[in-house]
>>> print(open('protein.cif').read())   # mmCIF, C-alpha atoms and all ligand atoms
data_start
#
loop_
_atom_site.label_atom_id
_atom_site.label_comp_id
_atom_site.auth_asym_id
_atom_site.auth_seq_id
_atom_site.Cartn_x
_atom_site.Cartn_y
_atom_site.Cartn_z
CA MET H 1 -26.91 -57.56 -2.23
CA ASN H 2 -24.70 -55.76 -4.66
CA TYR H 3 -22.82 -58.30 -6.77
CA PHE H 4 -20.99 -55.60 -8.74
CA PHE H 5 -22.03 -56.93 -12.13
CA THR H 6 -19.99 -55.96 -15.15
CA ASP H 7 -21.69 -53.81 -17.81
CA GLU H 8 -22.17 -56.94 -19.96
CA GLU H 9 -23.73 -58.87 -17.08
CA GLN H 10 -26.05 -55.96 -16.28
CA MET H 11 -27.12 -55.87 -19.91
CA ILE H 12 -27.87 -59.62 -19.89
CA ILE H 13 -29.95 -59.23 -16.72
CA GLU H 14 -31.95 -56.33 -18.16
CA THR H 15 -32.50 -58.00 -21.54
CA SER H 16 -33.59 -61.28 -19.93
CA ARG H 17 -35.84 -59.45 -17.48
CA GLU H 18 -37.54 -57.59 -20.32
CA ILE H 19 -38.19 -60.83 -22.25
CA ALA H 20 -39.42 -62.47 -19.04
CA GLN H 21 -41.79 -59.69 -18.07
CA LYS H 22 -43.06 -58.59 -21.48
CA LYS H 23 -43.07 -61.83 -23.47
CA ILE H 24 -42.96 -64.85 -21.15
CA LYS H 25 -45.25 -63.66 -18.34
CA PRO H 26 -48.34 -63.18 -20.54
CA VAL H 27 -48.11 -66.72 -21.99
CA ARG H 28 -46.69 -68.82 -19.14
CA GLU H 29 -50.02 -69.98 -17.73
CA HIS H 30 -51.38 -71.02 -21.14
CA TYR H 31 -48.16 -72.77 -22.22
CA ASP H 32 -48.08 -74.59 -18.88
CA ALA H 33 -51.71 -75.69 -19.11
CA GLU H 34 -51.42 -76.88 -22.72
CA GLY H 35 -47.81 -78.10 -22.64
CA ILE H 36 -46.84 -75.83 -25.55
CA PHE H 37 -43.18 -75.75 -26.52
CA PRO H 38 -42.13 -72.07 -26.48
CA TRP H 39 -40.61 -71.66 -29.94
CA ASP H 40 -41.73 -68.02 -30.09
CA MET H 41 -39.91 -67.38 -26.81
CA VAL H 42 -36.79 -69.19 -28.08
CA LYS H 43 -36.86 -66.76 -31.03
CA GLU H 44 -37.03 -63.82 -28.60
CA MET H 45 -34.03 -65.23 -26.71
CA ALA H 46 -32.17 -65.82 -29.98
CA ASN H 47 -32.83 -62.29 -31.24
CA ALA H 48 -31.50 -60.92 -27.95
CA GLY H 49 -28.32 -63.03 -28.23
CA LEU H 50 -29.16 -65.16 -25.19
CA CYS H 51 -28.66 -68.55 -26.89
CA GLY H 52 -24.89 -68.28 -27.16
CA LEU H 53 -23.96 -66.80 -23.78
CA TYR H 54 -21.71 -69.77 -22.91
CA ILE H 55 -20.35 -70.34 -26.43
CA PRO H 56 -17.03 -68.67 -27.37
CA GLU H 57 -17.11 -65.73 -29.75
CA GLU H 58 -15.15 -67.62 -32.42
CA TYR H 59 -18.12 -69.98 -32.79
CA GLY H 60 -20.69 -67.20 -32.91
CA GLY H 61 -21.42 -67.00 -29.17
CA MET H 62 -21.02 -64.30 -26.55
CA SER H 63 -18.76 -65.96 -24.02
CA PRO H 64 -15.92 -63.48 -23.46
CA LYS H 65 -12.31 -64.51 -24.11
CA GLY H 66 -10.84 -66.31 -21.12
CA SER H 67 -14.25 -67.08 -19.61
CA LYS H 68 -16.62 -70.00 -20.01
CA GLY H 69 -19.68 -67.74 -19.91
CA ILE H 70 -21.35 -69.77 -17.15
CA MET H 71 -22.14 -66.64 -15.12
CA GLN H 72 -23.81 -65.09 -18.18
CA LEU H 73 -25.91 -68.21 -18.73
CA VAL H 74 -26.80 -68.30 -15.03
CA LEU H 75 -27.97 -64.67 -15.00
CA ALA H 76 -30.22 -65.14 -18.03
CA THR H 77 -31.62 -68.41 -16.67
CA GLU H 78 -32.31 -66.87 -13.26
CA GLU H 79 -34.17 -63.89 -14.70
CA MET H 80 -36.34 -65.92 -17.04
CA SER H 81 -37.00 -68.61 -14.39
CA LYS H 82 -38.35 -65.93 -12.04
CA VAL H 83 -41.30 -65.88 -14.42
CA CYS H 84 -41.33 -69.41 -15.89
CA GLY H 85 -38.86 -72.19 -15.12
CA GLY H 86 -40.26 -74.30 -17.97
CA ILE H 87 -39.82 -71.72 -20.71
CA ALA H 88 -36.36 -70.71 -19.43
CA LEU H 89 -35.33 -74.36 -19.65
CA SER H 90 -35.50 -74.43 -23.47
CA ASN H 91 -32.27 -72.41 -23.57
CA ALA H 92 -30.64 -73.93 -20.45
CA ALA H 93 -31.24 -77.50 -21.72
CA SER H 94 -29.76 -76.54 -25.06
CA ALA H 95 -26.62 -75.56 -23.12
CA LEU H 96 -26.67 -78.99 -21.46
CA GLY H 97 -26.78 -80.61 -24.90
CA THR H 98 -24.00 -78.36 -26.17
CA PHE H 99 -21.47 -78.76 -23.34
CA PRO H 100 -20.30 -82.19 -24.64
CA ILE H 101 -19.32 -80.45 -27.89
CA LEU H 102 -17.66 -77.54 -26.10
CA LEU H 103 -15.76 -79.85 -23.77
CA GLY H 104 -14.90 -82.81 -25.95
CA ALA H 105 -15.38 -82.14 -29.67
CA THR H 106 -12.80 -81.68 -32.39
CA GLU H 107 -12.32 -78.26 -33.96
CA ALA H 108 -14.21 -79.40 -37.07
CA GLN H 109 -17.17 -80.58 -34.95
CA LYS H 110 -17.22 -77.33 -33.00
CA LYS H 111 -17.19 -75.28 -36.20
CA LYS H 112 -19.97 -77.38 -37.67
CA TYR H 113 -22.38 -77.47 -34.73
CA LEU H 114 -21.79 -74.55 -32.37
CA PRO H 115 -22.71 -71.52 -34.55
CA ASP H 116 -26.31 -72.67 -35.15
CA VAL H 117 -26.87 -73.26 -31.44
CA ALA H 118 -25.23 -69.91 -30.56
CA SER H 119 -27.52 -68.07 -32.97
CA GLY H 120 -30.59 -69.89 -31.68
CA LYS H 121 -31.31 -71.32 -35.12
CA LYS H 122 -31.08 -74.80 -33.63
CA LEU H 123 -31.54 -76.19 -30.13
CA ALA H 124 -29.46 -78.99 -28.65
CA ALA H 125 -30.39 -81.83 -26.28
CA PHE H 126 -28.45 -84.20 -24.02
CA GLY H 127 -29.21 -87.92 -24.19
CA LEU H 128 -27.79 -89.86 -21.26
CA THR H 129 -30.68 -91.29 -19.19
CA GLU H 130 -32.38 -94.60 -20.00
CA ALA H 131 -35.27 -96.48 -18.39
CA GLY H 132 -32.86 -98.60 -16.33
CA ALA H 133 -30.04 -96.06 -16.10
CA GLY H 134 -30.89 -92.88 -14.17
CA SER H 135 -28.61 -92.03 -11.25
CA ASP H 136 -26.59 -95.07 -12.30
CA ALA H 137 -25.79 -93.83 -15.80
CA GLY H 138 -23.16 -96.56 -16.13
CA ALA H 139 -25.97 -99.10 -16.47
CA MET H 140 -26.84 -97.74 -19.92
CA ARG H 141 -27.69 -100.30 -22.60
CA THR H 142 -27.60 -98.20 -25.76
CA THR H 143 -24.83 -99.51 -28.01
CA ALA H 144 -22.79 -98.09 -30.87
CA VAL H 145 -21.08 -100.65 -33.09
CA LYS H 146 -18.50 -99.55 -35.66
CA LYS H 147 -19.29 -100.71 -39.21
CA GLY H 148 -17.06 -99.28 -41.92
CA ASN H 149 -17.03 -95.50 -41.55
CA LYS H 150 -20.25 -95.48 -39.50
CA TYR H 151 -21.46 -96.33 -36.02
CA ILE H 152 -24.73 -98.25 -35.70
CA LEU H 153 -26.69 -97.03 -32.66
CA ASN H 154 -29.37 -99.13 -30.96
CA GLY H 155 -31.23 -98.25 -27.77
CA THR H 156 -33.70 -95.83 -26.20
CA LYS H 157 -32.98 -92.69 -24.21
CA GLN H 158 -35.66 -91.58 -21.78
CA TRP H 159 -36.90 -88.17 -20.56
CA ILE H 160 -34.75 -86.05 -22.82
CA THR H 161 -35.37 -82.33 -22.45
CA ASN H 162 -35.88 -80.53 -25.80
CA GLY H 163 -36.49 -83.99 -27.31
CA PHE H 164 -38.05 -83.74 -30.80
CA GLU H 165 -37.71 -79.92 -30.76
CA ALA H 166 -33.89 -79.93 -30.89
CA GLU H 167 -31.90 -80.54 -34.07
CA THR H 168 -28.58 -81.50 -32.44
CA TYR H 169 -28.38 -84.37 -29.94
CA THR H 170 -25.38 -85.43 -27.91
CA VAL H 171 -26.01 -89.10 -27.23
CA PHE H 172 -24.08 -91.50 -25.02
CA ALA H 173 -23.68 -95.14 -26.03
CA MET H 174 -21.48 -98.11 -25.19
CA THR H 175 -18.85 -98.78 -27.83
CA ASP H 176 -17.23 -101.47 -25.68
CA LYS H 177 -19.31 -102.93 -22.84
CA SER H 178 -16.40 -105.00 -21.54
CA LYS H 179 -14.57 -101.79 -20.54
CA GLY H 180 -17.36 -100.48 -18.28
CA ALA H 181 -17.31 -96.69 -17.95
CA ARG H 182 -14.26 -96.55 -20.25
CA GLY H 183 -16.33 -98.19 -22.97
CA CYS H 184 -18.79 -95.31 -23.25
CA SER H 185 -18.63 -92.84 -26.14
CA CYS H 186 -20.49 -89.67 -27.07
CA PHE H 187 -22.02 -89.02 -30.51
CA ILE H 188 -23.58 -86.03 -32.18
CA VAL H 189 -26.79 -87.25 -33.80
CA GLU H 190 -28.76 -84.94 -36.04
CA LYS H 191 -32.55 -84.96 -36.11
CA GLY H 192 -33.61 -86.68 -39.32
CA THR H 193 -30.82 -89.28 -39.28
CA PRO H 194 -32.41 -92.54 -40.55
CA GLY H 195 -33.12 -94.89 -37.63
CA PHE H 196 -33.49 -92.01 -35.16
CA THR H 197 -37.10 -91.41 -34.08
CA PHE H 198 -38.94 -90.02 -31.08
CA GLY H 199 -41.17 -91.80 -28.61
CA LYS H 200 -43.86 -90.33 -26.43
CA LYS H 201 -43.80 -86.79 -25.10
CA GLU H 202 -44.20 -86.93 -21.32
CA ASN H 203 -47.15 -85.39 -19.47
CA LYS H 204 -45.42 -83.81 -16.48
CA MET H 205 -46.16 -82.31 -13.07
CA GLY H 206 -44.20 -79.12 -13.77
CA ILE H 207 -41.99 -77.37 -16.35
CA ARG H 208 -44.82 -78.28 -18.70
CA ALA H 209 -43.73 -75.86 -21.44
CA SER H 210 -40.54 -77.91 -21.72
CA ALA H 211 -40.60 -80.96 -24.01
CA THR H 212 -39.49 -84.24 -22.42
CA THR H 213 -39.32 -87.06 -24.95
CA GLU H 214 -37.86 -90.48 -25.67
CA LEU H 215 -35.10 -90.81 -28.28
CA ILE H 216 -35.25 -94.13 -30.12
CA PHE H 217 -32.30 -95.50 -32.08
CA GLN H 218 -32.96 -98.51 -34.32
CA ASP H 219 -29.97 -99.40 -36.46
CA CYS H 220 -29.31 -95.67 -36.64
CA GLU H 221 -26.26 -94.98 -38.82
CA VAL H 222 -24.13 -92.17 -37.46
CA PRO H 223 -21.10 -91.07 -39.49
CA GLU H 224 -17.78 -91.72 -37.70
CA GLU H 225 -17.03 -87.97 -37.94
CA ASN H 226 -19.78 -87.53 -35.34
CA LEU H 227 -17.96 -89.45 -32.61
CA VAL H 228 -17.27 -86.57 -30.21
CA GLY H 229 -13.55 -85.86 -30.07
CA GLY H 230 -12.92 -88.61 -32.61
CA LYS H 231 -11.95 -91.02 -29.85
CA GLU H 232 -13.90 -93.94 -28.40
CA GLY H 233 -14.12 -94.38 -24.62
CA THR H 234 -14.27 -90.71 -23.61
CA GLY H 235 -18.06 -90.58 -23.18
CA PHE H 236 -18.15 -90.87 -19.43
CA ILE H 237 -15.53 -88.18 -18.89
CA ILE H 238 -17.50 -85.91 -21.23
CA ALA H 239 -20.80 -86.67 -19.43
CA VAL H 240 -19.34 -85.96 -15.99
CA GLY H 241 -17.62 -82.78 -17.23
CA THR H 242 -20.88 -81.66 -18.83
CA LEU H 243 -22.87 -82.12 -15.63
CA ASN H 244 -20.24 -80.25 -13.62
CA HIS H 245 -20.55 -77.31 -16.03
CA SER H 246 -24.33 -77.41 -16.33
CA ARG H 247 -25.36 -77.84 -12.69
CA PRO H 248 -24.89 -74.11 -11.91
CA GLY H 249 -27.50 -73.57 -14.66
CA VAL H 250 -30.01 -75.85 -12.92
CA ALA H 251 -29.15 -74.06 -9.68
CA ALA H 252 -29.92 -70.76 -11.45
CA GLN H 253 -33.25 -72.13 -12.62
CA ALA H 254 -34.04 -73.13 -9.02
CA LEU H 255 -32.86 -69.75 -7.73
CA GLY H 256 -35.00 -67.91 -10.27
CA ILE H 257 -38.10 -69.92 -9.39
CA ALA H 258 -37.51 -69.24 -5.67
CA ALA H 259 -36.87 -65.53 -6.23
CA GLY H 260 -40.01 -65.28 -8.36
CA ALA H 261 -42.07 -66.97 -5.64
CA LEU H 262 -40.65 -64.57 -3.02
CA ASP H 263 -41.59 -61.54 -5.17
CA GLU H 264 -45.13 -62.86 -5.62
CA SER H 265 -45.43 -63.58 -1.88
CA LEU H 266 -44.31 -60.08 -0.90
CA ALA H 267 -46.75 -58.46 -3.31
CA TYR H 268 -49.62 -60.68 -2.11
CA ALA H 269 -48.87 -60.22 1.60
CA ARG H 270 -48.93 -56.44 1.13
CA GLN H 271 -52.44 -56.46 -0.35
CA ARG H 272 -54.31 -59.40 1.26
CA GLU H 273 -56.31 -58.39 4.33
CA GLN H 274 -57.56 -60.62 7.15
CA PHE H 275 -58.70 -59.62 10.64
CA GLY H 276 -58.87 -56.02 9.42
CA GLN H 277 -55.20 -55.75 8.48
CA LYS H 278 -52.74 -56.67 5.76
CA ILE H 279 -51.33 -60.14 6.33
CA SER H 280 -47.84 -58.58 5.94
CA GLY H 281 -48.50 -57.12 9.39
CA PHE H 282 -48.55 -60.57 11.03
CA GLN H 283 -45.19 -61.51 12.44
CA ALA H 284 -45.69 -65.15 11.43
CA VAL H 285 -45.93 -64.06 7.79
CA GLN H 286 -43.09 -61.56 8.14
CA HIS H 287 -40.79 -64.26 9.48
CA MET H 288 -41.67 -66.60 6.65
CA LEU H 289 -40.86 -63.84 4.15
CA ALA H 290 -37.62 -62.98 5.94
CA ILE H 291 -36.43 -66.60 6.00
CA MET H 292 -37.36 -67.02 2.33
CA ALA H 293 -35.33 -63.89 1.47
CA VAL H 294 -32.27 -65.06 3.43
CA GLU H 295 -32.35 -68.45 1.74
CA VAL H 296 -32.82 -66.99 -1.74
CA GLU H 297 -29.88 -64.64 -1.20
CA ALA H 298 -27.69 -67.42 0.21
CA ALA H 299 -28.50 -69.57 -2.83
CA ARG H 300 -27.78 -66.65 -5.16
CA SER H 301 -24.40 -65.95 -3.50
CA LEU H 302 -23.40 -69.60 -3.84
CA VAL H 303 -24.56 -69.92 -7.46
CA TYR H 304 -22.73 -66.74 -8.48
CA ALA H 305 -19.58 -67.65 -6.54
CA VAL H 306 -19.38 -71.08 -8.18
CA SER H 307 -20.13 -69.68 -11.65
CA ARG H 308 -17.50 -66.98 -11.36
CA SER H 309 -14.99 -69.55 -10.12
CA VAL H 310 -15.68 -71.87 -13.08
CA ASP H 311 -15.43 -68.94 -15.50
CA ALA H 312 -12.15 -67.84 -13.97
CA GLY H 313 -10.59 -71.22 -14.74
CA ALA H 314 -11.12 -73.40 -11.66
CA THR H 315 -10.16 -76.93 -12.62
CA ASP H 316 -11.56 -79.08 -9.84
CA PHE H 317 -15.08 -77.77 -9.22
CA ALA H 318 -17.27 -80.91 -9.13
CA LYS H 319 -17.98 -80.42 -5.43
CA ASP H 320 -18.71 -76.68 -5.83
CA SER H 321 -21.05 -77.40 -8.69
CA ALA H 322 -22.88 -80.00 -6.56
CA PHE H 323 -22.99 -77.51 -3.65
CA CYS H 324 -24.92 -74.93 -5.63
CA LYS H 325 -27.19 -77.42 -7.42
CA TYR H 326 -28.10 -79.10 -4.15
CA TYR H 327 -28.60 -75.95 -2.12
CA ALA H 328 -30.50 -73.87 -4.66
CA SER H 329 -32.90 -76.70 -5.51
CA GLU H 330 -33.65 -77.40 -1.84
CA VAL H 331 -34.27 -73.66 -1.33
CA ALA H 332 -36.53 -73.55 -4.40
CA MET H 333 -38.73 -76.33 -3.03
CA LYS H 334 -38.91 -74.80 0.45
CA VAL H 335 -39.52 -71.23 -0.72
CA THR H 336 -42.20 -72.13 -3.26
CA THR H 337 -43.99 -74.32 -0.68
CA ASN H 338 -43.97 -71.38 1.74
CA ALA H 339 -45.16 -69.07 -1.03
CA VAL H 340 -48.24 -71.27 -1.46
CA GLN H 341 -48.71 -71.10 2.33
CA ILE H 342 -48.60 -67.30 2.32
CA PHE H 343 -51.22 -67.23 -0.43
CA GLY H 344 -53.39 -69.61 1.62
CA GLY H 345 -56.17 -71.27 -0.39
CA TYR H 346 -55.58 -68.89 -3.29
CA GLY H 347 -52.06 -70.25 -3.53
CA TYR H 348 -53.50 -73.68 -4.26
CA MET H 349 -55.50 -72.35 -7.20
CA LYS H 350 -54.29 -72.07 -10.77
CA GLU H 351 -55.38 -68.41 -10.94
CA TYR H 352 -52.20 -67.52 -9.04
CA PRO H 353 -48.67 -68.37 -10.22
CA VAL H 354 -47.25 -69.88 -7.04
CA GLU H 355 -48.75 -73.37 -7.42
CA LYS H 356 -46.98 -73.59 -10.81
CA MET H 357 -43.74 -72.38 -9.23
CA MET H 358 -44.02 -75.13 -6.59
CA ARG H 359 -44.58 -77.74 -9.34
CA ASP H 360 -41.70 -76.33 -11.40
CA ALA H 361 -39.32 -76.24 -8.43
CA LYS H 362 -39.58 -79.99 -7.78
CA ILE H 363 -37.71 -81.04 -10.90
CA THR H 364 -34.60 -79.11 -9.86
CA GLN H 365 -34.10 -81.64 -7.03
CA ILE H 366 -34.30 -84.50 -9.51
CA TYR H 367 -32.64 -83.91 -12.87
CA GLU H 368 -28.94 -83.59 -13.62
CA GLY H 369 -28.39 -85.68 -10.50
CA THR H 370 -30.88 -85.92 -7.64
CA SER H 371 -30.25 -84.13 -4.34
CA GLN H 372 -29.10 -87.47 -2.89
CA ILE H 373 -26.57 -87.91 -5.70
CA GLN H 374 -25.26 -84.36 -5.13
CA LEU H 375 -24.78 -85.20 -1.43
CA ASN H 376 -23.04 -88.47 -2.35
CA GLU H 377 -20.62 -86.58 -4.58
CA ILE H 378 -20.00 -83.85 -2.00
CA ALA H 379 -19.38 -86.37 0.79
CA ALA H 380 -17.06 -88.53 -1.34
CA LYS H 381 -15.01 -85.45 -2.24
CA LEU H 382 -14.90 -84.17 1.34
CA ILE H 383 -13.66 -87.50 2.65
CA LYS H 384 -11.03 -87.75 -0.09
CA GLU H 385 -9.83 -84.18 0.58
CA SER H 386 -9.64 -84.89 4.30
CA ALA H 387 -7.60 -88.05 3.71
CA GLN H 388 -5.21 -86.11 1.45
CA LYS H 389 -4.74 -83.41 4.11
CA LYS H 390 -3.73 -86.04 6.68
CA LYS H 391 -0.93 -87.44 4.50
C1 LIG V 401 -38.46 -83.71 -16.57
C2 LIG V 401 -37.17 -84.43 -16.70
C3 LIG V 401 -36.23 -84.01 -17.62
C4 LIG V 401 -35.03 -84.71 -17.79
N1 LIG V 401 -34.13 -84.32 -18.75
C5 LIG V 401 -33.06 -85.11 -19.02
C6 LIG V 401 -32.20 -84.82 -20.14
O1 LIG V 401 -32.37 -83.82 -20.85
N2 LIG V 401 -31.19 -85.70 -20.41
C7 LIG V 401 -30.96 -86.81 -19.67
O2 LIG V 401 -30.05 -87.55 -19.98
N3 LIG V 401 -31.75 -87.08 -18.58
C8 LIG V 401 -32.79 -86.29 -18.26
N4 LIG V 401 -33.61 -86.57 -17.20
C9 LIG V 401 -33.31 -87.72 -16.36
C10 LIG V 401 -32.81 -87.31 -14.96
O3 LIG V 401 -31.51 -86.82 -15.02
C11 LIG V 401 -32.98 -88.54 -14.05
O4 LIG V 401 -34.38 -88.66 -13.81
C12 LIG V 401 -32.23 -88.42 -12.74
O5 LIG V 401 -30.84 -88.47 -12.95
C13 LIG V 401 -32.62 -89.49 -11.72
O6 LIG V 401 -32.68 -90.75 -12.29
P1 LIG V 401 -33.99 -91.66 -12.08
O7 LIG V 401 -35.16 -90.79 -12.36
O8 LIG V 401 -33.85 -92.90 -12.85
O9 LIG V 401 -34.04 -91.95 -10.53
P2 LIG V 401 -33.28 -93.18 -9.78
O10 LIG V 401 -31.84 -93.15 -10.14
O11 LIG V 401 -34.04 -94.43 -9.99
O12 LIG V 401 -33.44 -92.72 -8.27
C14 LIG V 401 -34.61 -92.98 -7.50
C15 LIG V 401 -34.36 -92.50 -6.08
O13 LIG V 401 -33.26 -93.24 -5.51
C16 LIG V 401 -32.26 -92.36 -5.09
N5 LIG V 401 -30.93 -92.92 -5.35
C17 LIG V 401 -30.50 -93.56 -6.48
N6 LIG V 401 -29.23 -93.93 -6.36
C18 LIG V 401 -28.82 -93.52 -5.15
C19 LIG V 401 -27.60 -93.58 -4.45
N7 LIG V 401 -26.50 -94.15 -4.97
N8 LIG V 401 -27.53 -93.02 -3.21
C20 LIG V 401 -28.63 -92.45 -2.65
N9 LIG V 401 -29.82 -92.35 -3.27
C21 LIG V 401 -29.91 -92.87 -4.50
C22 LIG V 401 -32.48 -91.08 -5.89
O14 LIG V 401 -31.93 -89.93 -5.25
C23 LIG V 401 -33.97 -91.03 -5.99
O15 LIG V 401 -34.51 -90.46 -4.83
C24 LIG V 401 -34.78 -85.85 -16.99
C25 LIG V 401 -35.72 -86.25 -16.04
C26 LIG V 401 -36.91 -85.58 -15.89
C27 LIG V 401 -37.91 -86.06 -14.89
#
>>> encode(input="protein.cif", output="structure tokens", more="lines below")
Ligand SMILES: Cc1cc2nc3c(=O)[nH]c(=O)nc-3n(C[C@H](O)[C@H](O)[C@H](O)COP(=O)(O)OP(=O)(O)OC[C@H]3O[C@@H](n4cnc5c(N)ncnc54)[C@H](O)[C@@H]3O)c2cc1C
Amino acid sequence: MNYFFTDEEQMIIETSREIAQKKIKPVREHYDAEGIFPWDMVKEMANAGLCGLYIPEEYGGMSPKGSKGIMQLVLATEEMSKVCGGIALSNAASALGTFPILLGATEAQKKKYLPDVASGKKLAAFGLTEAGAGSDAGAMRTTAVKKGNKYILNGTKQWITNGFEAETYTVFAMTDKSKGARGCSCFIVEKGTPGFTFGKKENKMGIRASATTELIFQDCEVPEENLVGGKEGTGFIIAVGTLNHSRPGVAAQALGIAAGALDESLAYARQREQFGQKISGFQAVQHMLAIMAVEVEAARSLVYAVSRSVDAGATDFAKDSAFCKYYASEVAMKVTTNAVQIFGGYGYMKEYPVEKMMRDAKITQIYEGTSQIQLNEIAAKLIKESAQKKK
């Protein structure tokens, strides 16, 4: 489909595609097998200006005036995820860690932290989840107690993408447990702050080039200037706003993985012969390919539509954001599973990329809100909207 990209968008697609094909593709298998964090690829992205696509120009980024740059981030993430969803995530997860600053920080905080992320000199990470607080983020136990001009953080964050590798962490902690969600605050914690260490790096099913690590806070002293927005109690609003802005990025990762699997399947079906003919000649295979293509394009249309709407200034887009995250991640899982089917036994082997794509796809149904949580949010909004219409 022709999405009538602007010249800037076309340039982002071509630049990202070149990095994906020339730099990421040759290393993806090795980085996946060894769990290597792709710093050399982050440098490629940084040199190409891809680290600041969603950060306004005044802070060193490339997000055009009057836009949030979500579409730009989505296009880059899609292109790179076509080749490796794990490597592409280094930049997308940095965006996740940066949105709390973009959405809630003071001008001084933005000036201090955004330029280094935009230039790719530093990565960011988002610390919300804990062992007992996943979908139910409100159950978090990490605390931040004010002492003089500092906050003392105690607690452990689990499964944090870019953990250890990032320099800038947006961390959520309870400043007043008695207030429930209104007692949560967000802090910017720099790597190297005394009392802030890292736990184990996870050994994962997929996205193995991405680092997933525990963040441990033991009497960690964070200067009060690092309370995001300078106001206690805004953490939950910032976290929800962040996820609404970042979910199109996960959807783009899912879309890219699915599109990559479709490309691989088409190429394989055109060359693999059985019963004296190419398997692309069997209608059963053709129909699988056709359905995969329809679903990839439907996911793409939804991801782009939501991203453009957010960029254009939509204010109430939580449901739209959940729509595209839910749909694209379900498509990614289905399409990559069918890609393995089209490859037959070869698809199950590590010599071919589709088994990795299937492993990588799975996470998109889990993080930044599971598929069930997306459906909960969509249903709650639909019912509320319907009730409002009746009035
Ligand atoms: C590789 C990886 C990277 C991650 N990166 C980050 C990161 O950078 N930062 C961060 O903060 N977190 C991160 N996470 C955490 C991620 O966001 C959580 O894993 C996710 O939100 C789900 O939480 P949970 O795993 O505790 O599952 P649970 O919440 O325990 O859910 C278990 C199951 O129950 C279902 N369920 C739970 N509640 C409901 C409900 N109300 N209705 C219906 N079904 C429900 C879920 O859908 C799921 O199927 C990461 C996780 C992984 C695996």
>>> residues_near_ligand(input="protein.cif", ligand="ligand LIG 401 (chain V)", cutoff="7 Å", atoms="only C-alpha atoms and all ligand atoms", output="JSON, numbers by chain")
{"H": [93, 125, 126, 127, 128, 129, 131, 132, 133, 134, 135, 136, 158, 159, 160, 161, 162, 204, 212, 363, 366, 367, 368, 369, 370, 371, 372, 373, 376]}
>>> atom_distance(input="protein.cif", atom1="CA of Arg28 (chain H)", atom2="CA of Glu8 (chain H)")
27.3 Å
>>> atom_distance(input="protein.cif", atom1="CA of Met205 (chain H)", atom2="CA of Ala137 (chain H)")
23.6 Å
>>> closest_residue(input="protein.cif", among="H:Gly183, H:Gly138, H:Gly235, H:Pro248", to="Ala299 (chain H)", atoms="all atoms listed in the file")
H:Pro248
>>> closest_atom_pairs(input="protein.cif", of="region 175-265 of chain H", to="region 48-63 of chain H", cutoff="12 Å", atoms="all atoms listed in the file", output="JSON lines")
{"residue": "H:His245", "atom": "CA", "partner": "H:Tyr54", "partner_atom": "CA", "distance": 10.3}
{"residue": "H:Ser246", "atom": "CA", "partner": "H:Tyr54", "partner_atom": "CA", "distance": 10.4}
{"residue": "H:Gly249", "atom": "CA", "partner": "H:Tyr54", "partner_atom": "CA", "distance": 10.8}
>>> atom_distance(input="protein.cif", atom1="CA of Gly233 (chain H)", atom2="CA of Arg182 (chain H)")
4.9 Å
>>> closest_residue(input="protein.cif", among="H:Ser280, H:Thr336, H:Ser210, H:Gln109", to="Leu89 (chain H)", atoms="all atoms listed in the file")
H:Ser210
>>> residues_around(input="protein.cif", residues="region 306-317 of chain H", least_positions_apart="4", cutoff="8 Å", atoms="all atoms listed in the file", output="ChimeraX atom specification")
/H:66-71,74,244-245,248,302,321,324
>>> closest_residue(input="protein.cif", among="H:Val335, H:Val303, H:Ile188, H:Ala380", to="Ala251 (chain H)", atoms="all atoms listed in the file")
H:Val303
>>> residues_around(input="protein.cif", residues="Thr143 (chain H)", least_positions_apart="6", cutoff="9 Å", atoms="all atoms listed in the file", output="list of chain:residue names")
H:Ile152, H:Leu153, H:Asn154, H:Gly155, H:Phe172, H:Ala173, H:Met174, H:Thr175, H:Asp176, H:Lys177, H:Cys184
>>> write_last_selection(input="protein.cif", atoms="C-alpha atoms", output="short mmCIF file (atom, residue, chain, number, x, y, z; two decimals), in the coordinates of the input")
data_model
loop_
_atom_site.label_atom_id
_atom_site.label_comp_id
_atom_site.auth_asym_id
_atom_site.auth_seq_id
_atom_site.Cartn_x
_atom_site.Cartn_y
_atom_site.Cartn_z
CA ILE H 152 -24.73 -98.25 -35.70
CA LEU H 153 -26.69 -97.03 -32.66
CA ASN H 154 -29.37 -99.13 -30.96
CA GLY H 155 -31.23 -98.25 -27.77
CA PHE H 172 -24.08 -91.50 -25.02
CA ALA H 173 -23.68 -95.14 -26.03
CA MET H 174 -21.48 -98.11 -25.19
CA THR H 175 -18.85 -98.78 -27.83
CA ASP H 176 -17.23 -101.47 -25.68
CA LYS H 177 -19.31 -102.93 -22.84
CA CYS H 184 -18.79 -95.31 -23.25
#
